[in-house]
Amino acid sequence: MPLYEHVFLARQDLSQAQVDALAATATEIIETNQGKVVKVETWGLRPLAYKIQKNRKAHFVLINIDAPAGVVAELERQTAINEDIIRFLTVRVDELESGPSVMMRKNDRERSRRREREGE
């Protein structure tokens, strides 16, 4: 089956529990249509480059999917209807990343640099 990376941005005024519920809903849509969710990563509340629907920040979530194209079409249809999601992007990839994504590795590097500075 084809592999996809699906990233969505949720409104800034949502709690983390509500963002996790959105990710769970997306996972449920995929799995009920014979797809498979390989990984879900929450990147947290991050600033946007420009305002989107009056939001300056958004909760970012990455979902790695192993599913046929029809499942992705249904996921995108449901995502477009949801008012809590301000943007989404689904990209077909040749292979999924094993381990943490680039965004998660970046956060880890920043934390380790901060610890080194504070320790000095």
# chains A, B, ... in the order shown; residues from 1 in each chain; ligands from 1

call {"tool": "residues_around", "arguments": {"residues": "region 80-90 of chain A", "least_positions_apart": "4", "cutoff": "6 Å", "atoms": "only C-alpha atoms", "output": "list of chain:residue names"}}
result
A:Glu5, A:His6, A:Val7, A:Phe8, A:Leu9, A:Ala10, A:Arg11

call {"tool": "select_by_dssp", "arguments": {"residues": "region 4-102 of chain A", "states": "helix (DSSP H, G or I)", "output": "PDB file with C-alpha atoms, in the first residue's frame"}}
result
ATOM      1  CA  GLN A  16      -3.761  19.492  24.331  1.00  0.00           C
ATOM      2  CA  ALA A  17      -6.478  16.952  25.166  1.00  0.00           C
ATOM      3  CA  GLN A  18      -8.656  18.322  22.350  1.00  0.00           C
ATOM      4  CA  VAL A  19      -5.721  18.119  19.912  1.00  0.00           C
ATOM      5  CA  ASP A  20      -5.109  14.514  20.974  1.00  0.00           C
ATOM      6  CA  ALA A  21      -8.821  13.828  20.361  1.00  0.00           C
ATOM      7  CA  LEU A  22      -8.480  15.238  16.818  1.00  0.00           C
ATOM      8  CA  ALA A  23      -5.521  12.907  16.198  1.00  0.00           C
ATOM      9  CA  ALA A  24      -7.524   9.985  17.604  1.00  0.00           C
ATOM     10  CA  THR A  25     -10.426  10.835  15.281  1.00  0.00           C
ATOM     11  CA  ALA A  26      -8.090  10.862  12.285  1.00  0.00           C
ATOM     12  CA  THR A  27      -6.633   7.528  13.387  1.00  0.00           C
ATOM     13  CA  GLU A  28     -10.130   6.083  13.713  1.00  0.00           C
ATOM     14  CA  ILE A  29     -11.073   7.253  10.190  1.00  0.00           C
ATOM     15  CA  ILE A  30      -7.977   5.593   8.759  1.00  0.00           C
ATOM     16  CA  GLU A  31      -8.340   2.320  10.636  1.00  0.00           C
ATOM     17  CA  THR A  32     -12.071   1.890   9.911  1.00  0.00           C
ATOM     18  CA  ALA A  69      -5.703   6.454  -1.773  1.00  0.00           C
ATOM     19  CA  GLY A  70      -9.429   6.206  -0.990  1.00  0.00           C
ATOM     20  CA  VAL A  71      -8.716   6.245   2.734  1.00  0.00           C
ATOM     21  CA  VAL A  72      -6.605   9.387   2.379  1.00  0.00           C
ATOM     22  CA  ALA A  73      -9.352  11.060   0.332  1.00  0.00           C
ATOM     23  CA  GLU A  74     -11.872  10.320   3.105  1.00  0.00           C
ATOM     24  CA  LEU A  75      -9.446  11.592   5.768  1.00  0.00           C
ATOM     25  CA  GLU A  76      -8.921  14.835   3.847  1.00  0.00           C
ATOM     26  CA  ARG A  77     -12.684  15.237   3.360  1.00  0.00           C
ATOM     27  CA  GLN A  78     -13.350  14.839   7.096  1.00  0.00           C
ATOM     28  CA  THR A  79     -10.426  17.130   7.969  1.00  0.00           C
ATOM     29  CA  ALA A  80     -11.692  19.887   5.656  1.00  0.00           C
ATOM     30  CA  ILE A  81     -15.086  19.805   7.379  1.00  0.00           C
ATOM     31  CA  VAL A 102      13.044  16.159  11.932  1.00  0.00           C
TER      32      VAL A 102
END

call {"tool": "residues_around", "arguments": {"residues": "Glu97 (chain A)", "least_positions_apart": "2", "cutoff": "12 Å", "atoms": "only C-alpha atoms", "output": "MDAnalysis selection string"}}
result
chainID A and resid 3:5 38:41 62:65 93:95 99:104

call {"tool": "select_by_dssp", "arguments": {"residues": "region 27-106 of chain A", "states": "strand (DSSP E or B)", "output": "NGL selection string"}}
result
:A and (36-52 or 55-66 or 85-93)

call {"tool": "atom_distance", "arguments": {"atom1": "CA of Leu48 (chain A)", "atom2": "CA of Arg117 (chain A)"}}
result
27.1 Å

call {"tool": "atom_distance", "arguments": {"atom1": "CA of Pro68 (chain A)", "atom2": "CA of Val37 (chain A)"}}
result
11.9 Å

call {"tool": "atom_distance", "arguments": {"atom1": "CA of Gln12 (chain A)", "atom2": "CA of Leu45 (chain A)"}}
result
7.1 Å
